[in-house]
Amino acid sequence: MSFIESVTSAFQSCSCGSIHHEINMKKILISDETVYREMAAFIKEQGFKKTVLVCDGSTLKSAGNKVREILESSGISVSLSLILPNHHGDVAADEKSLIQTLLETPKDTDVLVAVGSGTLHDIVRFASHQRGIPFISFPTAASVDGFTSAGAPLIVRGEKKTIQCIAPIALFTDITVLKDAPPDLAAAGFGDMLGKITSLADWKISRWMANEPYCPTGADLTKEALENCLSHLEEIAARSEKGLTVLLESLIISGLVMLVLDHSRPASGGEHHLSHYWEMDLLKRDAPQLLHGAKVGVASALLTSIYKRLIEEMNRNQEFTDPVKNSRYQQHQMKIAQTYGELPAEKQMQEWLAKVGGPTTIQELGITQELLEEALQQAHTIRDRWTGLKMKNQLRLTPQQ
Ligand SMILES: [Zn+2]
Ligand SMILES: [Zn+2]
């Protein structure tokens, strides 16, 4: 059974009451160098003749040139949109890149092909959505779980906003390209997966505390993907073919779950809010950006300690000033404490991150203690979504009678 079929069939038997959107992707293929021919055959099968290949300088070299050569030799016309880096040397999904891609996509284009990592996909996702032209994903690194989802985090006037766009119609990648990608990208992909440890716990609690939509199948699929990464830790650390395949497959599944549920709750909780807060600070200061998954992994590790301390606080006569919240809290307190109590220790999380070569602390990321404290007090206000971070900031000591 293909990925798409197995995820689809898992949701078919779910009776949680949430809407399970159909996955409109036609094909997902992680393979050896035969993948280029498979992609060309797919494009022809769809009746597409004109493509725009969107790359950056390094992904053009790692896979773009080969994609171009094989598509052209199959009689498919290819025009190139080479996204230029910003003054930090990074490709950013900002107004400049978005407009560049829109301008470099001729009217009669049949399909866009994104060859790159997460940011490059966000640029193409936006252009594809705006122009009503489908796109094909060609990840060049196992770096993030957004390849197969519809949300595009974009930088507009210096602020990061996630815009709902569309998912690719297919995903192809060459395992050799993933192996040759810079090692910190796979470490970031692993960090994004490790973040599911806290996002899944937060999602569970959001159902009890705020009645947020919860789908046990979505939670199970995301959890299985995470556990698969943890059981292949050695291979991922060695960046073997098996390890990178497992990692990318897990990231793809996490993206597909978001696509089916049409929200990112399974994959994004308090750790993503902290990461987002740090990112906003870097943007404000015009500092170079850090890899998404690197921040998420570190944030998730430190939240496990904070959430365990939250249980201790919960045991000291705390309550919510809002009576509705307070009654929900009284009702579910035991389950909340159990959920956060079962999280792995921060040290264990750091060991996993270190094993794959990612940063493990805010110091390694270059985030100051001050910014961390600020984020711990403010990041829960970024989104109207229930998390342990929100809980920590809203629980008050019961006033003495
Ligand atoms: Zn993420
Ligand atoms: Zn469900």
# chains A, B, ... in the order shown; residues from 1 in each chain; ligands from 1
$ select_by_dssp --residues "range 27-269 of chain A" --states "alpha helix (DSSP H)" --output "PyMOL selection string"
chain A and resi 35-45+57-59+65-73+95-103+118-131+175-180+183-194+196-210+216-231+233-238+241-261
$ residues_near_ligand --ligand "ligand 2" --cutoff "8 Å" --atoms "only C-alpha atoms and all ligand atoms" --output "ChimeraX atom specification"
/A:11,14-20,214-218,261
$ residues_near_ligand --ligand "ligand 1" --cutoff "12 Å" --atoms "only C-alpha atoms and all ligand atoms" --output "ChimeraX atom specification"
/A:118-119,143-147,149,151-153,162,188-196,198-199,251-252,254-255,258,264-276,291-297,299-300
$ write_last_selection --atoms "N, CA and C atoms" --output "compact mmCIF listing (two decimals), in the first residue's frame"
# COMPACT_ATOMS: atom_id res chain seq x y z
N GLY A 118 12.37 23.54 3.00
CA GLY A 118 11.07 24.05 3.42
C GLY A 118 10.73 25.44 2.89
N THR A 119 11.66 26.38 3.03
CA THR A 119 11.38 27.77 2.64
C THR A 119 11.06 27.86 1.15
N SER A 143 14.22 18.07 6.09
CA SER A 143 14.46 19.14 7.05
C SER A 143 13.24 19.64 7.80
N VAL A 144 12.03 19.31 7.34
CA VAL A 144 10.83 19.94 7.92
C VAL A 144 9.60 19.10 7.56
N ASP A 145 8.50 19.27 8.30
CA ASP A 145 7.32 18.44 7.99
C ASP A 145 6.30 19.14 7.10
N GLY A 146 6.70 20.29 6.54
CA GLY A 146 5.72 21.05 5.77
C GLY A 146 5.62 20.71 4.29
N PHE A 147 6.43 19.78 3.78
CA PHE A 147 6.41 19.54 2.33
C PHE A 147 5.01 19.19 1.83
N SER A 149 2.06 19.63 3.45
CA SER A 149 0.92 20.31 4.05
C SER A 149 0.54 21.52 3.21
N GLY A 151 -0.15 24.78 4.58
CA GLY A 151 0.18 26.07 5.19
C GLY A 151 1.56 26.56 4.74
N ALA A 152 1.65 27.86 4.45
CA ALA A 152 2.95 28.44 4.07
C ALA A 152 3.29 29.57 5.04
N PRO A 153 4.30 29.38 5.90
CA PRO A 153 4.74 30.49 6.75
C PRO A 153 5.50 31.50 5.88
N THR A 162 1.37 32.57 8.82
CA THR A 162 1.12 31.33 8.08
C THR A 162 -0.15 31.50 7.26
N ALA A 188 17.72 19.18 11.79
CA ALA A 188 16.56 20.06 11.99
C ALA A 188 15.26 19.29 11.72
N GLY A 189 15.26 18.43 10.71
CA GLY A 189 14.08 17.61 10.43
C GLY A 189 13.76 16.72 11.62
N PHE A 190 14.82 16.17 12.22
CA PHE A 190 14.62 15.33 13.41
C PHE A 190 14.07 16.19 14.56
N GLY A 191 14.58 17.42 14.71
CA GLY A 191 14.09 18.35 15.75
C GLY A 191 12.61 18.66 15.56
N ASP A 192 12.19 18.84 14.30
CA ASP A 192 10.78 19.11 14.02
C ASP A 192 9.93 17.90 14.42
N MET A 193 10.45 16.68 14.17
CA MET A 193 9.73 15.46 14.57
C MET A 193 9.71 15.31 16.09
N LEU A 194 10.85 15.59 16.75
CA LEU A 194 10.92 15.44 18.21
C LEU A 194 9.93 16.40 18.89
N GLY A 195 9.69 17.54 18.23
CA GLY A 195 8.72 18.52 18.75
C GLY A 195 7.33 17.93 18.93
N LYS A 196 7.05 16.81 18.23
CA LYS A 196 5.71 16.20 18.33
C LYS A 196 5.49 15.65 19.74
N THR A 198 5.93 17.23 22.56
CA THR A 198 5.17 18.23 23.32
C THR A 198 3.89 18.66 22.57
N SER A 199 3.94 18.69 21.22
CA SER A 199 2.73 19.13 20.52
C SER A 199 1.59 18.14 20.72
N LEU A 251 8.25 12.81 8.36
CA LEU A 251 7.92 14.22 8.13
C LEU A 251 6.74 14.33 7.15
N ILE A 252 6.75 13.47 6.13
CA ILE A 252 5.67 13.48 5.14
C ILE A 252 4.35 13.09 5.81
N SER A 254 3.51 13.40 8.96
CA SER A 254 3.07 14.51 9.81
C SER A 254 2.39 15.59 8.96
N GLY A 255 2.95 15.88 7.79
CA GLY A 255 2.35 16.86 6.87
C GLY A 255 1.00 16.39 6.34
N MET A 258 -1.78 16.84 8.88
CA MET A 258 -2.24 18.24 8.93
C MET A 258 -3.17 18.54 7.75
N SER A 264 -2.97 22.43 12.18
CA SER A 264 -1.64 21.91 12.51
C SER A 264 -1.51 21.47 13.97
N ARG A 265 -2.66 21.30 14.67
CA ARG A 265 -2.57 20.96 16.10
C ARG A 265 -1.70 19.73 16.41
N PRO A 266 -1.80 18.62 15.66
CA PRO A 266 -0.97 17.47 16.03
C PRO A 266 0.53 17.78 15.99
N ALA A 267 0.90 18.68 15.08
CA ALA A 267 2.33 18.90 14.82
C ALA A 267 2.88 20.14 15.48
N SER A 268 2.01 20.97 16.06
CA SER A 268 2.49 22.26 16.54
C SER A 268 1.80 22.67 17.84
N GLY A 269 2.59 22.72 18.92
CA GLY A 269 2.08 23.14 20.22
C GLY A 269 2.97 24.23 20.79
N GLY A 270 3.13 24.21 22.13
CA GLY A 270 3.92 25.24 22.80
C GLY A 270 5.32 25.40 22.23
N GLU A 271 5.95 24.28 21.80
CA GLU A 271 7.33 24.35 21.28
C GLU A 271 7.39 25.18 19.99
N HIS A 272 6.33 25.09 19.16
CA HIS A 272 6.30 25.90 17.93
C HIS A 272 6.03 27.37 18.26
N HIS A 273 5.26 27.61 19.32
CA HIS A 273 5.00 29.01 19.71
C HIS A 273 6.30 29.66 20.22
N LEU A 274 7.08 28.90 20.99
CA LEU A 274 8.38 29.45 21.46
C LEU A 274 9.28 29.72 20.25
N SER A 275 9.35 28.75 19.35
CA SER A 275 10.20 28.88 18.17
C SER A 275 9.78 30.10 17.35
N HIS A 276 8.48 30.28 17.19
CA HIS A 276 7.93 31.40 16.44
C HIS A 276 8.31 32.73 17.11
N LEU A 291 17.45 27.50 11.63
CA LEU A 291 16.61 26.46 11.03
C LEU A 291 15.39 26.18 11.92
N HIS A 292 14.23 26.07 11.27
CA HIS A 292 12.98 25.87 12.00
C HIS A 292 13.07 24.69 13.00
N GLY A 293 13.47 23.53 12.49
CA GLY A 293 13.49 22.34 13.34
C GLY A 293 14.55 22.41 14.44
N ALA A 294 15.60 23.17 14.23
CA ALA A 294 16.63 23.32 15.27
C ALA A 294 16.02 24.03 16.48
N LYS A 295 15.24 25.09 16.21
CA LYS A 295 14.58 25.83 17.30
C LYS A 295 13.50 24.96 17.96
N VAL A 296 12.73 24.26 17.13
CA VAL A 296 11.62 23.45 17.66
C VAL A 296 12.14 22.33 18.57
N GLY A 297 13.23 21.67 18.16
CA GLY A 297 13.79 20.59 18.98
C GLY A 297 14.24 21.09 20.34
N ALA A 299 13.27 23.87 21.85
CA ALA A 299 12.10 24.36 22.58
C ALA A 299 11.32 23.20 23.20
N SER A 300 11.20 22.11 22.44
CA SER A 300 10.44 20.96 22.94
C SER A 300 11.17 20.33 24.13
$ residues_around --residues "range 125-128 of chain A" --least-positions-apart "6" --cutoff "7 Å" --atoms "only C-alpha atoms" --output "ChimeraX atom specification"
/A:98,101-102,112,134-135,152,165-166
$ residues_around --residues "Val298 in chain A" --least-positions-apart "5" --cutoff "8 Å" --atoms "only C-alpha atoms" --output "list in words"
Gly191, Gln350, Pro359, Thr360, Thr361 and Ile362 of chain A
$ write_last_selection --atoms "N, CA, C and O atoms" --output "short mmCIF file (atom, residue, chain, number, x, y, z; two decimals), in the first residue's frame"
data_model
loop_
_atom_site.label_atom_id
_atom_site.label_comp_id
_atom_site.auth_asym_id
_atom_site.auth_seq_id
_atom_site.Cartn_x
_atom_site.Cartn_y
_atom_site.Cartn_z
N GLY A 191 14.58 17.42 14.71
CA GLY A 191 14.09 18.35 15.75
C GLY A 191 12.61 18.66 15.56
O GLY A 191 11.85 18.69 16.53
N GLN A 350 17.53 16.03 25.06
CA GLN A 350 18.79 16.65 24.61
C GLN A 350 19.76 15.59 24.07
O GLN A 350 20.47 15.83 23.09
N PRO A 359 21.48 21.23 17.68
CA PRO A 359 21.66 21.97 18.93
C PRO A 359 20.73 21.42 20.01
O PRO A 359 19.67 20.88 19.70
N THR A 360 21.17 21.53 21.28
CA THR A 360 20.37 20.95 22.36
C THR A 360 19.91 22.01 23.37
O THR A 360 19.03 21.74 24.17
N THR A 361 20.54 23.19 23.35
CA THR A 361 20.20 24.22 24.35
C THR A 361 20.02 25.57 23.65
O THR A 361 20.48 25.76 22.52
N ILE A 362 19.41 26.52 24.37
CA ILE A 362 19.24 27.87 23.80
C ILE A 362 20.61 28.53 23.58
O ILE A 362 20.77 29.30 22.65
#
$ residues_around --residues "Thr105 in chain A" --least-positions-apart "6" --cutoff "10 Å" --atoms "only C-alpha atoms" --output "ChimeraX atom specification"
/A:51-54,79-81,99,111-112,127-128,131,133
$ select_by_dssp --residues "range 37-285 of chain A" --states "strand (DSSP E or B)" --output "PyMOL selection string"
chain A and resi 50-56+77-83+94+111-116+135-139+151-156+159-164+170-174
$ write_last_selection --atoms "N, CA and C atoms" --output "short mmCIF file (atom, residue, chain, number, x, y, z; two decimals), in the first residue's frame"
data_model
loop_
_atom_site.label_atom_id
_atom_site.label_comp_id
_atom_site.auth_asym_id
_atom_site.auth_seq_id
_atom_site.Cartn_x
_atom_site.Cartn_y
_atom_site.Cartn_z
N LYS A 50 4.43 22.49 -20.00
CA LYS A 50 5.31 23.59 -19.62
C LYS A 50 5.48 23.66 -18.10
N THR A 51 6.72 23.62 -17.68
CA THR A 51 6.98 23.67 -16.23
C THR A 51 7.87 24.85 -15.89
N VAL A 52 7.73 25.31 -14.65
CA VAL A 52 8.70 26.27 -14.10
C VAL A 52 9.38 25.57 -12.93
N LEU A 53 10.69 25.52 -13.01
CA LEU A 53 11.48 24.86 -11.98
C LEU A 53 11.96 25.95 -11.02
N VAL A 54 11.57 25.85 -9.75
CA VAL A 54 11.97 26.87 -8.78
C VAL A 54 13.04 26.27 -7.87
N CYS A 55 14.22 26.90 -7.86
CA CYS A 55 15.37 26.39 -7.08
C CYS A 55 16.08 27.57 -6.44
N ASP A 56 17.06 27.29 -5.58
CA ASP A 56 18.02 28.33 -5.21
C ASP A 56 19.39 27.85 -5.71
N SER A 77 8.91 21.31 -21.55
CA SER A 77 9.63 22.58 -21.53
C SER A 77 9.84 23.07 -20.09
N VAL A 78 11.05 23.55 -19.82
CA VAL A 78 11.41 23.95 -18.45
C VAL A 78 11.90 25.39 -18.46
N SER A 79 11.26 26.26 -17.66
CA SER A 79 11.90 27.56 -17.47
C SER A 79 12.28 27.66 -16.00
N LEU A 80 13.38 28.34 -15.75
CA LEU A 80 13.97 28.33 -14.41
C LEU A 80 13.66 29.61 -13.65
N SER A 81 13.24 29.46 -12.38
CA SER A 81 13.13 30.61 -11.49
C SER A 81 14.14 30.36 -10.36
N LEU A 82 15.24 31.08 -10.43
CA LEU A 82 16.32 30.87 -9.45
C LEU A 82 16.18 31.92 -8.35
N ILE A 83 15.76 31.49 -7.20
CA ILE A 83 15.48 32.44 -6.09
C ILE A 83 16.80 32.94 -5.50
N ASP A 94 9.86 35.78 1.57
CA ASP A 94 9.39 37.14 1.80
C ASP A 94 8.86 37.74 0.49
N VAL A 111 2.61 23.46 -14.65
CA VAL A 111 2.95 22.97 -13.31
C VAL A 111 4.26 23.61 -12.84
N LEU A 112 4.32 23.90 -11.52
CA LEU A 112 5.56 24.41 -10.92
C LEU A 112 6.25 23.22 -10.23
N VAL A 113 7.57 23.24 -10.21
CA VAL A 113 8.30 22.19 -9.50
C VAL A 113 9.20 22.86 -8.46
N ALA A 114 8.97 22.57 -7.19
CA ALA A 114 9.78 23.14 -6.11
C ALA A 114 10.93 22.19 -5.81
N VAL A 115 12.15 22.61 -6.08
CA VAL A 115 13.32 21.79 -5.76
C VAL A 115 14.09 22.49 -4.65
N GLY A 116 13.93 22.02 -3.42
CA GLY A 116 14.61 22.68 -2.31
C GLY A 116 14.11 22.20 -0.97
N PHE A 135 1.52 22.33 -8.15
CA PHE A 135 2.97 22.20 -8.02
C PHE A 135 3.37 20.80 -7.55
N ILE A 136 4.61 20.45 -7.92
CA ILE A 136 5.21 19.17 -7.52
C ILE A 136 6.33 19.48 -6.55
N SER A 137 6.41 18.67 -5.48
CA SER A 137 7.45 18.87 -4.46
C SER A 137 8.63 17.95 -4.74
N PHE A 138 9.83 18.53 -4.69
CA PHE A 138 11.05 17.73 -4.78
C PHE A 138 11.96 18.16 -3.63
N PRO A 139 11.78 17.57 -2.42
CA PRO A 139 12.61 17.98 -1.28
C PRO A 139 14.08 17.60 -1.52
N GLY A 151 -0.15 24.78 4.58
CA GLY A 151 0.18 26.07 5.19
C GLY A 151 1.56 26.56 4.74
N ALA A 152 1.65 27.86 4.45
CA ALA A 152 2.95 28.44 4.07
C ALA A 152 3.29 29.57 5.04
N PRO A 153 4.30 29.38 5.90
CA PRO A 153 4.74 30.49 6.75
C PRO A 153 5.50 31.50 5.88
N LEU A 154 4.97 32.71 5.76
CA LEU A 154 5.57 33.73 4.89
C LEU A 154 5.97 34.94 5.73
N ILE A 155 6.98 35.68 5.25
CA ILE A 155 7.38 36.90 5.95
C ILE A 155 6.81 38.08 5.17
N VAL A 156 5.87 38.79 5.79
CA VAL A 156 5.24 39.93 5.13
C VAL A 156 5.49 41.17 5.99
N GLU A 159 7.02 40.48 9.30
CA GLU A 159 6.34 39.61 10.26
C GLU A 159 6.00 38.28 9.62
N LYS A 160 6.11 37.26 10.43
CA LYS A 160 5.84 35.91 9.91
C LYS A 160 4.36 35.57 10.07
N LYS A 161 3.75 35.17 8.96
CA LYS A 161 2.33 34.79 9.01
C LYS A 161 2.18 33.48 8.26
N THR A 162 1.37 32.57 8.82
CA THR A 162 1.12 31.33 8.08
C THR A 162 -0.15 31.50 7.26
N ILE A 163 -0.02 31.34 5.95
CA ILE A 163 -1.14 31.51 5.04
C ILE A 163 -1.53 30.12 4.53
N GLN A 164 -2.83 29.79 4.59
CA GLN A 164 -3.28 28.50 4.04
C GLN A 164 -3.23 28.56 2.52
N ALA A 170 2.12 15.99 -6.08
CA ALA A 170 2.98 14.81 -5.98
C ALA A 170 4.30 15.21 -5.32
N LEU A 171 5.00 14.21 -4.79
CA LEU A 171 6.33 14.46 -4.20
C LEU A 171 7.28 13.38 -4.72
N PHE A 172 8.41 13.83 -5.20
CA PHE A 172 9.46 12.92 -5.66
C PHE A 172 10.76 13.36 -5.01
N THR A 173 11.60 12.42 -4.62
CA THR A 173 12.94 12.83 -4.22
C THR A 173 13.95 11.70 -4.40
N ASP A 174 15.19 12.12 -4.57
CA ASP A 174 16.32 11.22 -4.79
C ASP A 174 17.05 11.07 -3.45
#
$ residues_around --residues "Leu343 in chain A" --least-positions-apart "4" --cutoff "12 Å" --atoms "only C-alpha atoms" --output "ChimeraX atom specification"
/A:194-202,300-309,311,336-339,347-349
$ write_last_selection --atoms "C-alpha atoms" --output "JSON list (two decimals), in the first residue's frame"
[["chain", "number", "residue", "atom", "x", "y", "z"],
["A", 194, "LEU", "CA", 10.92, 15.44, 18.21],
["A", 195, "GLY", "CA", 8.72, 18.52, 18.75],
["A", 196, "LYS", "CA", 5.71, 16.20, 18.33],
["A", 197, "ILE", "CA", 6.43, 14.95, 21.86],
["A", 198, "THR", "CA", 5.17, 18.23, 23.32],
["A", 199, "SER", "CA", 2.73, 19.13, 20.52],
["A", 200, "LEU", "CA", 0.86, 15.83, 20.93],
["A", 201, "ALA", "CA", 0.67, 16.33, 24.72],
["A", 202, "ASP", "CA", -0.59, 19.90, 24.27],
["A", 300, "SER", "CA", 10.44, 20.96, 22.94],
["A", 301, "ALA", "CA", 13.28, 19.66, 25.15],
["A", 302, "LEU", "CA", 13.08, 22.59, 27.53],
["A", 303, "LEU", "CA", 9.27, 22.51, 27.63],
["A", 304, "THR", "CA", 9.32, 18.93, 28.94],
["A", 305, "SER", "CA", 10.95, 20.28, 32.15],
["A", 306, "ILE", "CA", 8.64, 23.27, 32.29],
["A", 307, "TYR", "CA", 5.58, 21.04, 31.88],
["A", 308, "LYS", "CA", 6.78, 18.70, 34.62],
["A", 309, "ARG", "CA", 7.20, 21.70, 36.95],
["A", 311, "ILE", "CA", 2.36, 19.57, 37.54],
["A", 336, "ILE", "CA", -3.47, 16.62, 32.52],
["A", 337, "ALA", "CA", -0.93, 15.83, 35.24],
["A", 338, "GLN", "CA", -0.59, 12.29, 33.89],
["A", 339, "THR", "CA", -0.06, 13.47, 30.30],
["A", 347, "LYS", "CA", 18.07, 15.41, 29.44],
["A", 348, "GLN", "CA", 16.82, 12.47, 27.38],
["A", 349, "MET", "CA", 15.43, 14.86, 24.74]]
$ closest_residue --among "A:Leu256, A:Asp184, A:Ser73, A:Pro213" --to "Ile28 in chain A" --atoms "only C-alpha atoms"
A:Leu256
$ atom_distance --atom1 "CA of Glu346 in chain A" --atom2 "CA of Leu221 in chain A"
23.7 Å
